[in-house]
$ cat run_22.cif   # mmCIF, C-alpha atoms and all ligand atoms
data_start
loop_
_atom_site.group_PDB
_atom_site.id
_atom_site.type_symbol
_atom_site.label_atom_id
_atom_site.label_comp_id
_atom_site.auth_asym_id
_atom_site.auth_seq_id
_atom_site.Cartn_x
_atom_site.Cartn_y
_atom_site.Cartn_z
ATOM 1 C CA MET A 25 90.759 1.722 94.909
ATOM 2 C CA SER A 26 93.350 4.289 93.874
ATOM 3 C CA CYS A 27 94.536 2.618 90.656
ATOM 4 C CA PRO A 28 92.268 2.654 87.604
ATOM 5 C CA PRO A 29 91.748 -0.784 86.095
ATOM 6 C CA PRO A 30 93.917 -1.430 82.993
ATOM 7 C CA ARG A 31 90.930 -1.678 80.691
ATOM 8 C CA ARG A 32 90.098 1.969 81.359
ATOM 9 C CA SER A 33 93.578 3.182 80.367
ATOM 10 C CA LEU A 34 93.377 1.140 77.156
ATOM 11 C CA SER A 35 90.091 2.714 76.158
ATOM 12 C CA MET A 36 91.468 6.167 77.010
ATOM 13 C CA ARG A 37 94.392 5.572 74.678
ATOM 14 C CA ALA A 38 91.984 4.582 71.901
ATOM 15 C CA GLY A 39 90.082 7.792 72.576
ATOM 16 C CA VAL A 40 93.206 9.889 72.108
ATOM 17 C CA GLY A 41 93.868 8.162 68.792
ATOM 18 C CA ILE A 42 90.397 8.949 67.560
ATOM 19 C CA ALA A 43 90.727 12.591 68.644
ATOM 20 C CA ALA A 44 94.059 12.923 66.816
ATOM 21 C CA ALA A 45 92.566 11.421 63.647
ATOM 22 C CA ALA A 46 89.619 13.824 63.842
ATOM 23 C CA LEU A 47 92.018 16.754 64.198
ATOM 24 C CA LEU A 48 93.975 15.668 61.132
ATOM 25 C CA THR A 49 90.879 15.474 58.953
ATOM 26 C CA ALA A 50 89.613 18.799 60.339
ATOM 27 C CA VAL A 51 92.707 20.721 59.235
ATOM 28 C CA PRO A 52 93.050 20.305 55.474
ATOM 29 C CA ALA A 53 96.304 21.422 53.903
ATOM 30 C CA TYR A 54 94.762 22.329 50.587
ATOM 31 C CA THR A 55 93.217 25.674 49.726
ATOM 32 C CA GLU A 56 91.790 26.600 46.374
ATOM 33 C CA ILE A 57 94.354 29.164 45.255
ATOM 34 C CA ALA A 58 96.018 29.122 41.861
ATOM 35 C CA SER A 59 99.807 28.994 41.742
ATOM 36 C CA ALA A 60 101.627 32.268 41.062
ATOM 37 C CA ASP A 61 102.820 31.147 37.621
ATOM 38 C CA SER A 62 99.291 30.289 36.468
ATOM 39 C CA GLY A 63 99.016 33.247 34.095
ATOM 40 C CA LEU A 64 95.697 34.149 35.682
ATOM 41 C CA THR A 65 95.041 37.803 36.450
ATOM 42 C CA ALA A 66 92.794 39.774 38.766
ATOM 43 C CA SER A 67 90.200 39.889 35.977
ATOM 44 C CA ASP A 68 89.908 36.093 36.360
ATOM 45 C CA GLY A 69 89.211 36.568 40.052
ATOM 46 C CA ALA A 70 92.754 35.563 40.990
ATOM 47 C CA LEU A 71 94.052 37.036 44.256
ATOM 48 C CA ASP A 72 97.733 37.168 45.134
ATOM 49 C CA ARG A 73 96.875 37.657 48.804
ATOM 50 C CA PRO A 74 93.777 37.420 51.003
ATOM 51 C CA VAL A 75 91.545 40.496 50.779
ATOM 52 C CA SER A 76 88.995 42.095 53.054
ATOM 53 C CA PRO A 77 85.346 41.487 52.138
ATOM 54 C CA PHE A 78 85.080 45.284 52.200
ATOM 55 C CA GLY A 79 87.869 45.648 49.635
ATOM 56 C CA GLU A 80 86.928 47.138 46.293
ATOM 57 C CA GLY A 81 88.609 46.862 42.928
ATOM 58 C CA HIS A 82 89.007 43.078 43.194
ATOM 59 C CA PRO A 83 86.838 41.232 40.656
ATOM 60 C CA ALA A 84 86.960 38.237 43.049
ATOM 61 C CA VAL A 85 84.906 40.337 45.484
ATOM 62 C CA ASP A 86 83.180 42.759 43.101
ATOM 63 C CA ASN A 87 81.626 39.929 41.057
ATOM 64 C CA LEU A 88 80.206 38.064 44.027
ATOM 65 C CA ASP A 89 76.477 37.692 44.300
ATOM 66 C CA PRO A 90 75.422 40.913 46.099
ATOM 67 C CA ASP A 91 73.533 39.001 48.801
ATOM 68 C CA LEU A 92 76.581 36.860 49.566
ATOM 69 C CA ARG A 93 78.853 39.902 49.666
ATOM 70 C CA GLU A 94 76.444 41.655 52.011
ATOM 71 C CA ALA A 95 76.253 38.602 54.281
ATOM 72 C CA ILE A 96 80.024 38.161 54.609
ATOM 73 C CA ARG A 97 80.485 41.879 55.262
ATOM 74 C CA HIS A 98 77.882 41.737 57.998
ATOM 75 C CA ALA A 99 79.504 38.637 59.491
ATOM 76 C CA ALA A 100 82.991 40.159 59.239
ATOM 77 C CA THR A 101 81.838 43.248 61.110
ATOM 78 C CA ASP A 102 80.501 41.138 63.973
ATOM 79 C CA ALA A 103 83.513 38.789 63.955
ATOM 80 C CA ARG A 104 85.788 41.793 64.366
ATOM 81 C CA ARG A 105 83.999 42.551 67.636
ATOM 82 C CA ASP A 106 85.091 39.087 68.768
ATOM 83 C CA GLY A 107 88.666 39.909 67.744
ATOM 84 C CA VAL A 108 88.501 37.730 64.607
ATOM 85 C CA GLU A 109 89.557 39.078 61.215
ATOM 86 C CA VAL A 110 87.657 37.610 58.261
ATOM 87 C CA LEU A 111 89.437 37.583 54.912
ATOM 88 C CA ILE A 112 88.538 36.220 51.492
ATOM 89 C CA ASN A 113 91.107 33.882 49.950
ATOM 90 C CA SER A 114 89.016 33.273 46.854
ATOM 91 C CA GLY A 115 85.616 34.437 45.691
ATOM 92 C CA TRP A 116 84.240 34.812 42.180
ATOM 93 C CA ARG A 117 86.369 33.045 39.543
ATOM 94 C CA SER A 118 86.258 33.101 35.762
ATOM 95 C CA ARG A 119 85.625 29.771 34.049
ATOM 96 C CA SER A 120 89.257 29.654 32.933
ATOM 97 C CA HIS A 121 90.393 30.249 36.523
ATOM 98 C CA GLN A 122 88.230 27.366 37.736
ATOM 99 C CA GLN A 123 89.443 25.120 34.918
ATOM 100 C CA HIS A 124 93.033 25.972 35.797
ATOM 101 C CA LEU A 125 92.480 24.966 39.443
ATOM 102 C CA LEU A 126 90.931 21.711 38.297
ATOM 103 C CA ASP A 127 93.794 21.012 35.886
ATOM 104 C CA GLU A 128 96.328 21.676 38.657
ATOM 105 C CA ALA A 129 94.486 19.385 41.055
ATOM 106 C CA VAL A 130 94.268 16.615 38.446
ATOM 107 C CA ALA A 131 97.991 16.934 37.723
ATOM 108 C CA GLU A 132 98.782 16.715 41.430
ATOM 109 C CA ASP A 133 96.418 13.989 42.564
ATOM 110 C CA GLY A 134 94.665 12.440 39.588
ATOM 111 C CA PRO A 135 91.066 12.963 38.453
ATOM 112 C CA GLU A 136 89.279 11.065 41.218
ATOM 113 C CA GLU A 137 90.907 12.883 44.133
ATOM 114 C CA ALA A 138 90.776 16.226 42.290
ATOM 115 C CA ALA A 139 86.999 15.908 41.864
ATOM 116 C CA ARG A 140 86.654 15.769 45.650
ATOM 117 C CA ARG A 141 88.059 19.250 46.084
ATOM 118 C CA VAL A 142 87.659 21.184 42.816
ATOM 119 C CA ASN A 143 84.465 21.397 40.801
ATOM 120 C CA THR A 144 84.287 21.790 37.039
ATOM 121 C CA PRO A 145 83.500 25.306 35.717
ATOM 122 C CA ASP A 146 79.944 24.106 35.001
ATOM 123 C CA ARG A 147 79.384 22.972 38.596
ATOM 124 C CA SER A 148 81.413 25.498 40.561
ATOM 125 C CA THR A 149 79.532 28.033 42.637
ATOM 126 C CA HIS A 150 82.659 30.208 42.583
ATOM 127 C CA VAL A 151 82.045 30.774 38.860
ATOM 128 C CA THR A 152 78.500 31.986 39.578
ATOM 129 C CA GLY A 153 79.742 34.241 42.382
ATOM 130 C CA LYS A 154 77.878 32.266 45.030
ATOM 131 C CA ALA A 155 80.819 30.901 47.040
ATOM 132 C CA ILE A 156 83.684 32.297 49.091
ATOM 133 C CA ASP A 157 86.774 30.700 50.575
ATOM 134 C CA VAL A 158 87.391 32.356 53.911
ATOM 135 C CA GLY A 159 90.509 32.536 56.040
ATOM 136 C CA PRO A 160 92.446 32.458 58.242
ATOM 137 C CA GLN A 161 91.383 29.326 60.073
ATOM 138 C CA ARG A 162 90.177 31.316 63.089
ATOM 139 C CA ALA A 163 87.703 33.021 60.772
ATOM 140 C CA ASP A 164 86.571 29.635 59.411
ATOM 141 C CA ARG A 165 85.952 28.450 62.964
ATOM 142 C CA TRP A 166 84.063 31.633 63.787
ATOM 143 C CA LEU A 167 81.847 31.185 60.724
ATOM 144 C CA GLN A 168 81.277 27.516 61.503
ATOM 145 C CA ARG A 169 79.867 28.626 64.858
ATOM 146 C CA ASN A 170 78.083 31.820 63.816
ATOM 147 C CA GLY A 171 77.631 31.810 60.042
ATOM 148 C CA ALA A 172 74.040 30.509 60.033
ATOM 149 C CA ALA A 173 72.910 33.776 61.649
ATOM 150 C CA TYR A 174 73.872 35.424 58.342
ATOM 151 C CA GLY A 175 72.732 32.568 56.096
ATOM 152 C CA LEU A 176 76.336 31.427 55.615
ATOM 153 C CA CYS A 177 77.057 27.713 55.767
ATOM 154 C CA GLN A 178 80.020 25.407 55.255
ATOM 155 C CA VAL A 179 78.934 23.263 52.303
ATOM 156 C CA TYR A 180 81.562 20.500 52.097
ATOM 157 C CA ALA A 181 82.805 18.586 55.122
ATOM 158 C CA ASN A 182 86.355 18.546 53.703
ATOM 159 C CA GLU A 183 86.499 22.316 53.074
ATOM 160 C CA ILE A 184 86.232 24.277 56.304
ATOM 161 C CA TRP A 185 86.877 27.509 54.375
ATOM 162 C CA HIS A 186 84.161 27.257 51.680
ATOM 163 C CA PHE A 187 80.931 29.089 52.546
ATOM 164 C CA GLU A 188 77.745 29.753 50.629
ATOM 165 C CA LEU A 189 74.368 31.291 51.397
ATOM 166 C CA THR A 190 72.492 28.037 51.866
ATOM 167 C CA THR A 191 70.135 28.870 54.689
ATOM 168 C CA VAL A 192 67.776 31.608 55.738
ATOM 169 C CA PRO A 193 69.554 33.799 58.308
ATOM 170 C CA GLY A 194 68.907 32.401 61.768
ATOM 171 C CA ARG A 195 67.905 28.952 60.531
ATOM 172 C CA PRO A 196 70.209 25.927 60.841
ATOM 173 C CA CYS A 197 72.544 25.032 57.999
ATOM 174 C CA PRO A 198 71.619 22.049 55.808
ATOM 175 C CA PRO A 199 73.658 18.864 56.287
ATOM 176 C CA GLN A 200 77.124 19.127 54.745
ATOM 177 C CA LEU A 201 78.060 17.203 51.625
ATOM 178 C CA PRO A 202 81.136 14.993 52.117
ATOM 179 C CA ASP A 203 83.089 16.735 49.332
ATOM 180 C CA ALA A 204 82.818 18.529 45.985
ATOM 181 C CA SER A 205 82.172 15.292 44.082
ATOM 182 C CA ALA A 206 78.877 14.774 45.954
ATOM 183 C CA GLY A 207 75.504 16.308 45.226
HETATM 184 ZN ZN ZN B 301 85.550 27.217 47.586
#

$ encode --input "run_22.cif" --output "structure tokens" --more "lines below"
Ligand SMILES: [Zn+2]
Amino acid sequence: MSCPPPRRSLSMRAGVGIAAAALLTAVPAYTEIASADSGLTASDGALDRPVSPFGEGHPAVDNLDPDLREAIRHAATDARRDGVEVLINSGWRSRSHQQHLLDEAVAEDGPEEAARRVNTPDRSTHVTGKAIDVGPQRADRWLQRNGAAYGLCQVYANEIWHFELTTVPGRPCPPQLPDASAG
């Protein structure tokens, strides 16, 4: 038989649909960066452009937990050998910075949706210096594959850029939470 039965082509089409849907959910449009007119300054941890994890003089990087900063620097050094540049889009944030992001998200999408992607200042690990948002997307993918070797794990399934030290280097990452409103 040279022609595949029709049922097979139907199921293949369904497969393509599922793959496309998975791709859409895997590439979120939103990143946790305050708008330029926010009034926030570098002393709040605001960054007007992505910075190297080796950069100094940025409170967003300087105020990170030292272990986290060390881990991302180590990872960035090894990623560079693979031709991947690792940058930090957001790191430590002041409480007012975090509150501003939350307010913006609530204004855009309402409180329920906002809670899925922006934590309150009391809950946010950015405020304690224990979280980084990494970019560009190639770097996120690299960390998804290799981050556990440095203790770095993606925490929320809907934020491919948000990494924290949640495992012992070399051990597997814990299961991801669905979004920031969980856990
Ligand atoms: Zn984050």

$ atom_distance --input "run_22.cif" --atom1 "atom CA of Leu88 of chain A" --atom2 "atom CA of Gly115 of chain A"
6.7 Å

$ closest_residue --input "run_22.cif" --among "A:His82, A:Arg119, A:Arg93, A:Arg104" --to "Ile156 of chain A" --atoms "all atoms listed in the file"
A:Arg93

$ closest_residue --input "run_22.cif" --among "A:Glu137, A:Ala103, A:Ser118, A:Ala131" --to "Arg169 of chain A" --atoms "all atoms listed in the file"
A:Ala103

$ residues_near_ligand --input "run_22.cif" --ligand "ligand ZN 301 (chain B)" --cutoff "10 Å" --atoms "only C-alpha atoms and all ligand atoms" --output "PDB file with C-alpha atoms, in the coordinates of the input"
ATOM      1  CA  THR A  55      93.217  25.674  49.726  1.00  0.00           C
ATOM      2  CA  GLU A  56      91.790  26.600  46.374  1.00  0.00           C
ATOM      3  CA  ILE A  57      94.354  29.164  45.255  1.00  0.00           C
ATOM      4  CA  ASN A 113      91.107  33.882  49.950  1.00  0.00           C
ATOM      5  CA  SER A 114      89.016  33.273  46.854  1.00  0.00           C
ATOM      6  CA  GLY A 115      85.616  34.437  45.691  1.00  0.00           C
ATOM      7  CA  TRP A 116      84.240  34.812  42.180  1.00  0.00           C
ATOM      8  CA  ARG A 117      86.369  33.045  39.543  1.00  0.00           C
ATOM      9  CA  ARG A 141      88.059  19.250  46.084  1.00  0.00           C
ATOM     10  CA  VAL A 142      87.659  21.184  42.816  1.00  0.00           C
ATOM     11  CA  ASN A 143      84.465  21.397  40.801  1.00  0.00           C
ATOM     12  CA  SER A 148      81.413  25.498  40.561  1.00  0.00           C
ATOM     13  CA  THR A 149      79.532  28.033  42.637  1.00  0.00           C
ATOM     14  CA  HIS A 150      82.659  30.208  42.583  1.00  0.00           C
ATOM     15  CA  LYS A 154      77.878  32.266  45.030  1.00  0.00           C
ATOM     16  CA  ALA A 155      80.819  30.901  47.040  1.00  0.00           C
ATOM     17  CA  ILE A 156      83.684  32.297  49.091  1.00  0.00           C
ATOM     18  CA  ASP A 157      86.774  30.700  50.575  1.00  0.00           C
ATOM     19  CA  VAL A 158      87.391  32.356  53.911  1.00  0.00           C
ATOM     20  CA  GLN A 178      80.020  25.407  55.255  1.00  0.00           C
ATOM     21  CA  VAL A 179      78.934  23.263  52.303  1.00  0.00           C
ATOM     22  CA  TYR A 180      81.562  20.500  52.097  1.00  0.00           C
ATOM     23  CA  GLU A 183      86.499  22.316  53.074  1.00  0.00           C
ATOM     24  CA  ILE A 184      86.232  24.277  56.304  1.00  0.00           C
ATOM     25  CA  TRP A 185      86.877  27.509  54.375  1.00  0.00           C
ATOM     26  CA  HIS A 186      84.161  27.257  51.680  1.00  0.00           C
ATOM     27  CA  PHE A 187      80.931  29.089  52.546  1.00  0.00           C
ATOM     28  CA  GLU A 188      77.745  29.753  50.629  1.00  0.00           C
ATOM     29  CA  ALA A 204      82.818  18.529  45.985  1.00  0.00           C
TER      30      ALA A 204
END

$ closest_residue --input "run_22.cif" --among "A:Ala163, A:Asp89, A:Gln123, A:Thr65" --to "Gly107 of chain A" --atoms "all atoms listed in the file"
A:Ala163

$ residues_around --input "run_22.cif" --residues "Asp127 of chain A" --least-positions-apart "4" --cutoff "12 Å" --atoms "only C-alpha atoms" --output "MDAnalysis selection string"
chainID A and resid 58:59 62 120:123 131:135 137:139 141:145

$ residues_around --input "run_22.cif" --residues "Gly79 of chain A" --least-positions-apart "5" --cutoff "12 Å" --atoms "all atoms listed in the file" --output "list in words"
Leu71, Pro74, Ala84, Val85, Asp86, Arg93, Ile96, Arg97, Val110, Leu111 and Ile112 of chain A

$ atom_distance --input "run_22.cif" --atom1 "atom CA of Tyr174 of chain A" --atom2 "atom CA of Ala95 of chain A"
5.7 Å

$ atom_distance --input "run_22.cif" --atom1 "atom CA of Arg73 of chain A" --atom2 "atom CA of Cys177 of chain A"
23.2 Å

$ residues_around --input "run_22.cif" --residues "Pro193 of chain A" --least-positions-apart "5" --cutoff "8 Å" --atoms "all atoms listed in the file" --output "PyMOL selection string"
chain A and resi 172-176

$ closest_residue --input "run_22.cif" --among "A:Thr191, A:Asp106, A:Leu201, A:Ala70" --to "Leu125 of chain A" --atoms "only C-alpha atoms"
A:Ala70

$ closest_residue --input "run_22.cif" --among "A:Gln161, A:Ser76, A:Ser205, A:Asn87" --to "Thr101 of chain A" --atoms "only C-alpha atoms"
A:Ser76

$ decode --input "run_22.cif" --residues "segment 148-159 of chain A" --atoms "N, CA and C atoms" --output "short mmCIF file (atom, residue, chain, number, x, y, z; two decimals), in the first residue's frame"
data_model
loop_
_atom_site.label_atom_id
_atom_site.label_comp_id
_atom_site.auth_asym_id
_atom_site.auth_seq_id
_atom_site.Cartn_x
_atom_site.Cartn_y
_atom_site.Cartn_z
N SER A 148 7.46 38.15 46.78
CA SER A 148 8.40 38.10 45.65
C SER A 148 9.81 37.75 46.08
N THR A 149 10.39 36.79 45.40
CA THR A 149 11.79 36.44 45.65
C THR A 149 12.75 37.41 44.95
N HIS A 150 12.22 38.27 44.08
CA HIS A 150 13.07 39.34 43.55
C HIS A 150 13.40 40.34 44.67
N VAL A 151 12.45 40.60 45.53
CA VAL A 151 12.65 41.58 46.61
C VAL A 151 13.70 41.07 47.61
N THR A 152 13.80 39.77 47.79
CA THR A 152 14.81 39.21 48.69
C THR A 152 16.13 38.93 47.97
N GLY A 153 16.19 39.25 46.69
CA GLY A 153 17.43 39.04 45.94
C GLY A 153 17.68 37.59 45.57
N LYS A 154 16.62 36.77 45.59
CA LYS A 154 16.80 35.35 45.34
C LYS A 154 16.22 34.89 44.01
N ALA A 155 15.98 35.84 43.09
CA ALA A 155 15.44 35.47 41.77
C ALA A 155 16.06 36.36 40.70
N ILE A 156 16.22 35.78 39.52
CA ILE A 156 16.67 36.54 38.35
C ILE A 156 15.79 36.21 37.16
N ASP A 157 15.56 37.23 36.33
CA ASP A 157 14.91 37.03 35.04
C ASP A 157 15.99 37.12 33.98
N VAL A 158 16.14 36.02 33.26
CA VAL A 158 17.27 35.87 32.34
C VAL A 158 16.80 35.98 30.89
N GLY A 159 17.62 36.53 30.06
CA GLY A 159 17.34 36.60 28.63
C GLY A 159 18.65 36.60 27.86
#
